[in-house]
$ cat model_0.txt   # compact mmCIF, C-alpha atoms
# COMPACT_ATOMS: atom_id res chain seq x y z
CA MET A 1 130.80 73.55 94.84
CA ASP A 2 129.62 76.48 92.71
CA ASP A 3 132.87 76.43 90.73
CA LEU A 4 132.48 72.71 90.08
CA LEU A 5 128.90 73.15 88.91
CA SER A 6 129.94 75.99 86.61
CA LEU A 7 132.66 73.82 85.12
CA LEU A 8 130.27 70.92 84.55
CA ASP A 9 127.74 73.21 82.90
CA GLU A 10 130.17 74.92 80.50
CA GLU A 11 129.98 74.49 76.75
CA PHE A 12 133.01 72.48 75.68
CA VAL A 13 133.39 72.69 71.92
CA ASP A 14 135.88 69.82 71.70
CA VAL A 15 133.84 67.41 73.82
CA ARG A 16 130.36 68.39 72.69
CA ASP A 17 129.18 64.78 72.56
CA SER A 18 130.77 63.69 75.84
CA LEU A 19 128.63 62.93 78.88
CA VAL A 20 129.36 61.99 82.46
CA CYS A 21 127.01 59.31 83.78
CA LEU A 22 126.55 59.36 87.54
CA VAL A 23 125.01 56.29 89.19
CA VAL A 24 123.60 56.79 92.69
CA HIS A 25 122.49 53.66 94.50
CA ASN A 26 119.77 54.31 97.09
CA ILE A 27 119.58 58.06 96.57
CA GLU A 28 117.34 58.44 99.63
CA GLY A 29 119.65 56.44 101.92
CA PRO A 30 120.46 57.71 105.43
CA ALA A 31 123.73 59.32 104.32
CA LEU A 32 121.98 61.37 101.59
CA ARG A 33 118.61 62.03 103.21
CA ASP A 34 119.26 65.61 104.32
CA LEU A 35 118.06 68.57 102.24
CA GLU A 36 121.57 69.88 101.52
CA SER A 37 122.71 66.58 99.99
CA GLN A 38 119.59 66.30 97.84
CA GLN A 39 119.93 69.87 96.61
CA CYS A 40 123.57 69.26 95.65
CA LEU A 41 122.60 66.11 93.75
CA ALA A 42 119.78 67.98 92.00
CA GLN A 43 122.15 70.75 90.93
CA ILE A 44 124.66 68.24 89.61
CA ALA A 45 121.93 66.37 87.72
CA SER A 46 120.84 69.58 86.02
CA CYS A 47 124.28 70.21 84.49
CA SER A 48 124.48 69.93 80.72
CA TYR A 49 127.05 67.15 80.60
CA ILE A 50 125.70 65.07 83.49
CA ARG A 51 123.28 62.17 83.23
CA MET A 52 122.16 60.69 86.54
CA ILE A 53 120.76 57.21 87.16
CA ALA A 54 119.51 56.46 90.65
CA SER A 55 117.68 53.80 92.59
CA ILE A 56 115.33 54.27 95.53
CA ASP A 57 114.33 51.78 98.19
CA HIS A 58 111.49 53.56 99.96
CA VAL A 59 108.09 54.23 98.40
CA ASN A 60 108.04 57.74 99.90
CA ALA A 61 111.48 58.76 98.65
CA PRO A 62 110.05 61.36 96.19
CA LEU A 63 108.83 63.37 99.18
CA LEU A 64 112.43 64.51 99.58
CA TRP A 65 112.15 66.64 96.44
CA ASP A 66 110.12 69.70 95.52
CA LYS A 67 108.61 70.31 92.07
CA LYS A 68 111.63 72.21 90.81
CA MET A 69 113.99 69.39 91.77
CA VAL A 70 111.78 66.72 90.20
CA HIS A 71 110.82 68.42 86.93
CA LYS A 72 113.63 70.88 86.19
CA GLN A 73 116.76 69.51 87.85
CA PHE A 74 116.55 65.73 88.16
CA SER A 75 114.02 65.42 85.29
CA TRP A 76 113.46 61.80 86.20
CA CYS A 77 112.32 59.13 83.81
CA TRP A 78 110.72 56.64 86.20
CA CYS A 79 111.16 52.87 85.81
CA HIS A 80 109.59 50.42 88.26
CA VAL A 81 112.09 47.56 88.52
CA PRO A 82 111.97 46.00 92.01
CA THR A 83 114.43 43.18 92.69
CA PHE A 84 112.62 41.91 95.82
CA ALA A 85 116.06 40.91 97.11
CA PRO A 86 116.84 41.48 100.81
CA TYR A 87 119.35 44.20 101.65
CA LYS A 88 121.95 41.69 102.78
CA VAL A 89 122.15 40.35 99.22
CA GLU A 90 123.08 43.81 97.95
CA GLY A 91 125.52 44.51 100.74
CA VAL A 92 127.40 41.23 100.76
CA PHE A 93 129.46 42.29 97.74
CA PHE A 94 130.59 45.55 99.34
CA PRO A 95 131.94 44.74 102.82
CA LEU A 96 132.64 47.67 105.08
CA ILE A 97 136.22 48.48 105.96
CA LEU A 98 135.69 49.78 109.46
CA ALA A 99 139.33 50.25 110.30
CA SER A 100 140.10 52.79 107.58
CA GLY A 101 138.59 55.99 108.98
CA THR A 102 138.37 57.98 112.16
CA ALA A 103 136.33 56.74 115.11
CA ALA A 104 133.46 59.06 114.17
CA GLN A 105 133.52 57.98 110.51
CA ASN A 106 133.63 54.29 111.41
CA ALA A 107 130.77 54.68 113.87
CA ARG A 108 128.73 56.55 111.28
CA THR A 109 129.38 53.89 108.64
CA ALA A 110 128.34 51.08 110.98
CA THR A 111 125.27 53.02 112.15
CA ILE A 112 124.02 53.44 108.58
CA VAL A 113 124.18 49.69 108.00
CA LEU A 114 122.66 48.79 111.37
CA GLN A 115 119.74 51.15 110.81
CA SER A 116 118.75 49.07 107.79
CA LEU A 117 118.51 45.95 109.98
CA THR A 118 115.68 44.87 112.27
CA PRO A 119 115.41 46.25 115.83
CA ASN A 120 116.19 42.77 117.18
CA ALA A 121 119.36 42.57 115.09
CA GLN A 122 120.41 45.99 116.37
CA SER A 123 119.82 44.86 119.96
CA VAL A 124 121.92 41.73 119.45
CA PHE A 125 124.72 43.91 118.09
CA LYS A 126 124.37 46.23 121.10
CA ALA A 127 124.73 43.26 123.46
CA LEU A 128 128.00 42.32 121.78
CA ALA A 129 129.22 45.93 121.77
CA GLU A 130 128.44 46.40 125.47
CA PHE A 131 130.29 43.20 126.35
CA GLN A 132 133.30 44.31 124.33
CA LEU A 133 133.43 47.70 126.04
CA ALA A 134 133.12 46.12 129.48
CA ASN A 135 135.73 43.43 128.76
CA GLU A 136 138.39 45.12 126.65
CA GLU A 137 141.05 42.59 127.63
CA GLU A 138 138.99 39.67 126.34
CA GLU A 139 139.61 38.20 122.89
CA GLY A 140 135.93 38.42 122.09
CA MET A 141 132.52 37.23 123.25
CA PRO A 142 132.00 33.46 123.16
CA LEU A 143 128.96 32.34 121.21
CA SER A 144 127.48 30.62 124.26
CA THR A 145 127.79 33.80 126.34
CA LEU A 146 126.21 35.91 123.61
CA TYR A 147 123.37 33.43 123.22
CA THR A 148 122.69 33.43 126.97
CA LYS A 149 122.72 37.23 127.09
CA CYS A 150 120.34 37.49 124.13
CA ARG A 151 118.00 34.89 125.64
CA GLU A 152 117.91 36.85 128.90
CA ARG A 153 116.90 39.97 126.98
CA PHE A 154 114.31 38.05 124.92
CA LEU A 155 116.10 38.98 121.69
CA VAL A 156 116.31 35.43 120.34
CA SER A 157 114.56 32.20 121.17
CA THR A 158 116.83 29.77 119.35
CA GLN A 159 120.47 29.37 118.42
CA ALA A 160 119.45 29.41 114.75
CA THR A 161 117.98 32.91 115.10
CA LEU A 162 121.17 34.20 116.69
CA ASN A 163 123.25 32.55 113.98
CA ALA A 164 121.16 34.31 111.33
CA HIS A 165 121.88 37.69 112.92
CA LEU A 166 125.59 36.92 113.21
CA THR A 167 125.75 35.84 109.58
CA GLU A 168 124.19 39.14 108.58
CA PHE A 169 126.72 41.05 110.68
CA ARG A 170 129.59 39.14 109.12
CA ASP A 171 128.24 39.71 105.62
CA HIS A 172 128.53 43.44 106.30
CA ALA A 173 131.93 43.03 108.02
CA LEU A 174 130.45 44.48 111.21
CA VAL A 175 131.56 41.47 113.25
CA LYS A 176 134.55 39.15 113.00
CA THR A 177 135.53 35.90 114.70
CA ARG A 178 138.66 34.47 116.23
CA ARG A 179 139.58 31.52 118.41
CA HIS A 180 139.78 32.05 122.14
CA SER A 181 142.78 30.56 123.93
CA ASP A 182 140.49 27.81 125.22
CA GLY A 183 139.41 26.93 121.68
CA GLN A 184 136.01 28.63 121.69
CA GLU A 185 134.91 30.73 118.73
CA CYS A 186 134.59 34.35 119.84
CA PHE A 187 132.89 37.27 118.17
CA TYR A 188 134.22 40.81 118.22
CA ILE A 189 133.50 44.14 116.55
CA PRO A 190 136.50 45.57 114.64
CA LEU A 191 136.09 49.05 116.09
CA SER A 192 137.98 51.02 118.69
CA SER A 193 136.36 51.62 122.07
CA GLU A 194 135.82 55.26 121.12
CA ALA A 195 134.04 54.31 117.90
CA LEU A 196 131.94 51.70 119.71
CA GLN A 197 130.79 54.22 122.29
CA LYS A 198 129.89 56.67 119.52
CA LEU A 199 128.01 53.91 117.70
CA LEU A 200 125.95 52.96 120.75
CA SER A 201 125.16 56.63 121.31
CA ASP A 202 124.01 57.03 117.69
CA LEU A 203 121.82 53.94 117.85
CA GLY A 204 120.19 55.19 121.05
$ encode --input "model_0.txt" --output "structure tokens"
Amino acid sequence: MDDLLSLLDEEFVDVRDSLVCLVVHNIEGPALRDLESQQCLAQIASCSYIRMIASIDHVNAPLLWDKKMVHKQFSWCWCHVPTFAPYKVEGVFFPLILASGTAAQNARTATIVLQSLTPNAQSVFKALAEFQLANEEEEGMPLSTLYTKCRERFLVSTQATLNAHLTEFRDHALVKTRRHSDGQECFYIPLSSEALQKLLSDLG
């Protein structure tokens, strides 16, 4: 990391007017919220040939930074430009590919998305995940079964509410559907059993 920062901060005579613009969406998101990540970003932003543009979602995001990071490294120029759009609108254009990484990576990716959803939505997802782990030979969880389970746990009161949660899951590619052999539409999570167990553990 130090070598990279030194390279980015060097004086290049032949590219004196060249800049690298780094765009960070949701700089205080769960994956970047730790001190080490923020310090790395601050160091990168302070390099001579780097210009950083970032968005924040939480009003208290600046609490992640000390005075040095704010005034000497990031040197932010603040612009208040809220979109007032729900998170699912932002995420629908960038579906997750949960089958591309290791079980731990996939679980972590799904956890980050689920943590941005409501507690009820998380609980509905857990109900589906628990069914899938307990019935690995099944093609998925029928909608009627999921609705009954969620009603029993007082997670939803109407089919429309459940459908709204499922639509949100599908927008983020957390849940997929397929036809059961008897013709019913079934829902399943495109994760291995190992990743699902890790995900449930992370969600608590």
$ closest_residue --input "model_0.txt" --among "A:Ala121, A:Leu200, A:Leu128, A:Leu35" --to "Thr167 (chain A)" --atoms "all atoms listed in the file"
A:Ala121
$ atom_distance --input "model_0.txt" --atom1 "CA of Ala42 (chain A)" --atom2 "CA of Phe74 (chain A)"
5.5 Å
$ closest_residue --input "model_0.txt" --among "A:Arg108, A:Ala31, A:Thr161, A:Lys149" --to "Leu203 (chain A)" --atoms "only C-alpha atoms"
A:Arg108
$ closest_residue --input "model_0.txt" --among "A:Ile189, A:Leu133, A:Asn120, A:Met141" --to "Ser157 (chain A)" --atoms "only C-alpha atoms"
A:Asn120
$ atom_distance --input "model_0.txt" --atom1 "CA of His172 (chain A)" --atom2 "CA of Leu64 (chain A)"
27.4 Å
$ closest_residue --input "model_0.txt" --among "A:Arg151, A:Asp66, A:Leu143, A:Ala107" --to "His180 (chain A)" --atoms "all atoms listed in the file"
A:Leu143
$ closest_residue --input "model_0.txt" --among "A:Ala110, A:Ala129, A:Ala134, A:Ala61" --to "Leu146 (chain A)" --atoms "only C-alpha atoms"
A:Ala129
$ atom_distance --input "model_0.txt" --atom1 "CA of Arg178 (chain A)" --atom2 "CA of Pro142 (chain A)"
9.7 Å
$ closest_residue --input "model_0.txt" --among "A:Val81, A:Leu32, A:Ala45, A:Leu166" --to "Gln122 (chain A)" --atoms "only C-alpha atoms"
A:Leu166
$ residues_near_point --input "model_0.txt" --point "(130.6, 51.0, 121.6)" --cutoff "12 Å" --atoms "all atoms listed in the file" --output "tab-separated table (two decimals) with C-alpha atoms, keeping the file's coordinate frame"
chain	number	residue	atom	x	y	z
A	103	ALA	CA	136.33	56.74	115.11
A	104	ALA	CA	133.46	59.06	114.17
A	106	ASN	CA	133.63	54.29	111.41
A	107	ALA	CA	130.77	54.68	113.87
A	108	ARG	CA	128.73	56.55	111.28
A	110	ALA	CA	128.34	51.08	110.98
A	111	THR	CA	125.27	53.02	112.15
A	125	PHE	CA	124.72	43.91	118.09
A	126	LYS	CA	124.37	46.23	121.10
A	127	ALA	CA	124.73	43.26	123.46
A	128	LEU	CA	128.00	42.32	121.78
A	129	ALA	CA	129.22	45.93	121.77
A	130	GLU	CA	128.44	46.40	125.47
A	131	PHE	CA	130.29	43.20	126.35
A	132	GLN	CA	133.30	44.31	124.33
A	133	LEU	CA	133.43	47.70	126.04
A	134	ALA	CA	133.12	46.12	129.48
A	135	ASN	CA	135.73	43.43	128.76
A	136	GLU	CA	138.39	45.12	126.65
A	188	TYR	CA	134.22	40.81	118.22
A	189	ILE	CA	133.50	44.14	116.55
A	190	PRO	CA	136.50	45.57	114.64
A	191	LEU	CA	136.09	49.05	116.09
A	192	SER	CA	137.98	51.02	118.69
A	193	SER	CA	136.36	51.62	122.07
A	194	GLU	CA	135.82	55.26	121.12
A	195	ALA	CA	134.04	54.31	117.90
A	196	LEU	CA	131.94	51.70	119.71
A	197	GLN	CA	130.79	54.22	122.29
A	198	LYS	CA	129.89	56.67	119.52
A	199	LEU	CA	128.01	53.91	117.70
A	200	LEU	CA	125.95	52.96	120.75
A	201	SER	CA	125.16	56.63	121.31
A	202	ASP	CA	124.01	57.03	117.69
A	203	LEU	CA	121.82	53.94	117.85
A	204	GLY	CA	120.19	55.19	121.05
$ residues_around --input "model_0.txt" --residues "Leu19 (chain A)" --least-positions-apart "6" --cutoff "9 Å" --atoms "all atoms listed in the file" --output "list in words"
Ser48, Tyr49, Ile50 and Arg51 of chain A
$ build_atoms --input "model_0.txt" --residues "region 128-144 of chain A" --atoms "N, CA and C atoms" --output "PDB file, keeping the file's coordinate frame"
ATOM      1  N   LEU A 128     126.599  42.642 122.060  1.00  0.00           N
ATOM      2  CA  LEU A 128     128.000  42.320 121.780  1.00  0.00           C
ATOM      3  C   LEU A 128     128.894  43.527 122.029  1.00  0.00           C
ATOM      4  N   ALA A 129     128.436  44.699 121.599  1.00  0.00           N
ATOM      5  CA  ALA A 129     129.220  45.930 121.770  1.00  0.00           C
ATOM      6  C   ALA A 129     129.413  46.254 123.251  1.00  0.00           C
ATOM      7  N   GLU A 130     128.354  46.103 124.031  1.00  0.00           N
ATOM      8  CA  GLU A 130     128.440  46.400 125.470  1.00  0.00           C
ATOM      9  C   GLU A 130     129.402  45.448 126.170  1.00  0.00           C
ATOM     10  N   PHE A 131     129.361  44.170 125.766  1.00  0.00           N
ATOM     11  CA  PHE A 131     130.290  43.200 126.350  1.00  0.00           C
ATOM     12  C   PHE A 131     131.727  43.583 126.009  1.00  0.00           C
ATOM     13  N   GLN A 132     131.946  43.969 124.769  1.00  0.00           N
ATOM     14  CA  GLN A 132     133.300  44.310 124.330  1.00  0.00           C
ATOM     15  C   GLN A 132     133.841  45.520 125.079  1.00  0.00           C
ATOM     16  N   LEU A 133     132.994  46.506 125.310  1.00  0.00           N
ATOM     17  CA  LEU A 133     133.430  47.700 126.040  1.00  0.00           C
ATOM     18  C   LEU A 133     133.720  47.385 127.507  1.00  0.00           C
ATOM     19  N   ALA A 134     132.949  46.466 128.068  1.00  0.00           N
ATOM     20  CA  ALA A 134     133.120  46.120 129.480  1.00  0.00           C
ATOM     21  C   ALA A 134     134.247  45.113 129.708  1.00  0.00           C
ATOM     22  N   ASN A 135     134.691  44.462 128.631  1.00  0.00           N
ATOM     23  CA  ASN A 135     135.730  43.430 128.760  1.00  0.00           C
ATOM     24  C   ASN A 135     136.794  43.621 127.678  1.00  0.00           C
ATOM     25  N   GLU A 136     137.453  44.759 127.716  1.00  0.00           N
ATOM     26  CA  GLU A 136     138.390  45.120 126.650  1.00  0.00           C
ATOM     27  C   GLU A 136     139.590  44.191 126.563  1.00  0.00           C
ATOM     28  N   GLU A 137     139.901  43.495 127.645  1.00  0.00           N
ATOM     29  CA  GLU A 137     141.050  42.590 127.630  1.00  0.00           C
ATOM     30  C   GLU A 137     140.705  41.231 127.030  1.00  0.00           C
ATOM     31  N   GLU A 138     139.416  40.962 126.886  1.00  0.00           N
ATOM     32  CA  GLU A 138     138.990  39.670 126.340  1.00  0.00           C
ATOM     33  C   GLU A 138     139.241  39.608 124.836  1.00  0.00           C
ATOM     34  N   GLU A 139     139.374  38.390 124.328  1.00  0.00           N
ATOM     35  CA  GLU A 139     139.610  38.200 122.890  1.00  0.00           C
ATOM     36  C   GLU A 139     138.335  38.321 122.076  1.00  0.00           C
ATOM     37  N   GLY A 140     137.219  38.325 122.760  1.00  0.00           N
ATOM     38  CA  GLY A 140     135.930  38.420 122.090  1.00  0.00           C
ATOM     39  C   GLY A 140     134.856  37.821 122.985  1.00  0.00           C
ATOM     40  N   MET A 141     133.645  37.772 122.482  1.00  0.00           N
ATOM     41  CA  MET A 141     132.520  37.230 123.250  1.00  0.00           C
ATOM     42  C   MET A 141     132.194  35.833 122.743  1.00  0.00           C
ATOM     43  N   PRO A 142     132.324  34.821 123.597  1.00  0.00           N
ATOM     44  CA  PRO A 142     132.000  33.460 123.160  1.00  0.00           C
ATOM     45  C   PRO A 142     130.548  33.355 122.715  1.00  0.00           C
ATOM     46  N   LEU A 143     130.306  32.507 121.749  1.00  0.00           N
ATOM     47  CA  LEU A 143     128.960  32.340 121.210  1.00  0.00           C
ATOM     48  C   LEU A 143     127.970  31.956 122.309  1.00  0.00           C
ATOM     49  N   SER A 144     128.380  31.067 123.193  1.00  0.00           N
ATOM     50  CA  SER A 144     127.480  30.620 124.260  1.00  0.00           C
ATOM     51  C   SER A 144     127.102  31.770 125.187  1.00  0.00           C
TER      52      SER A 144
END
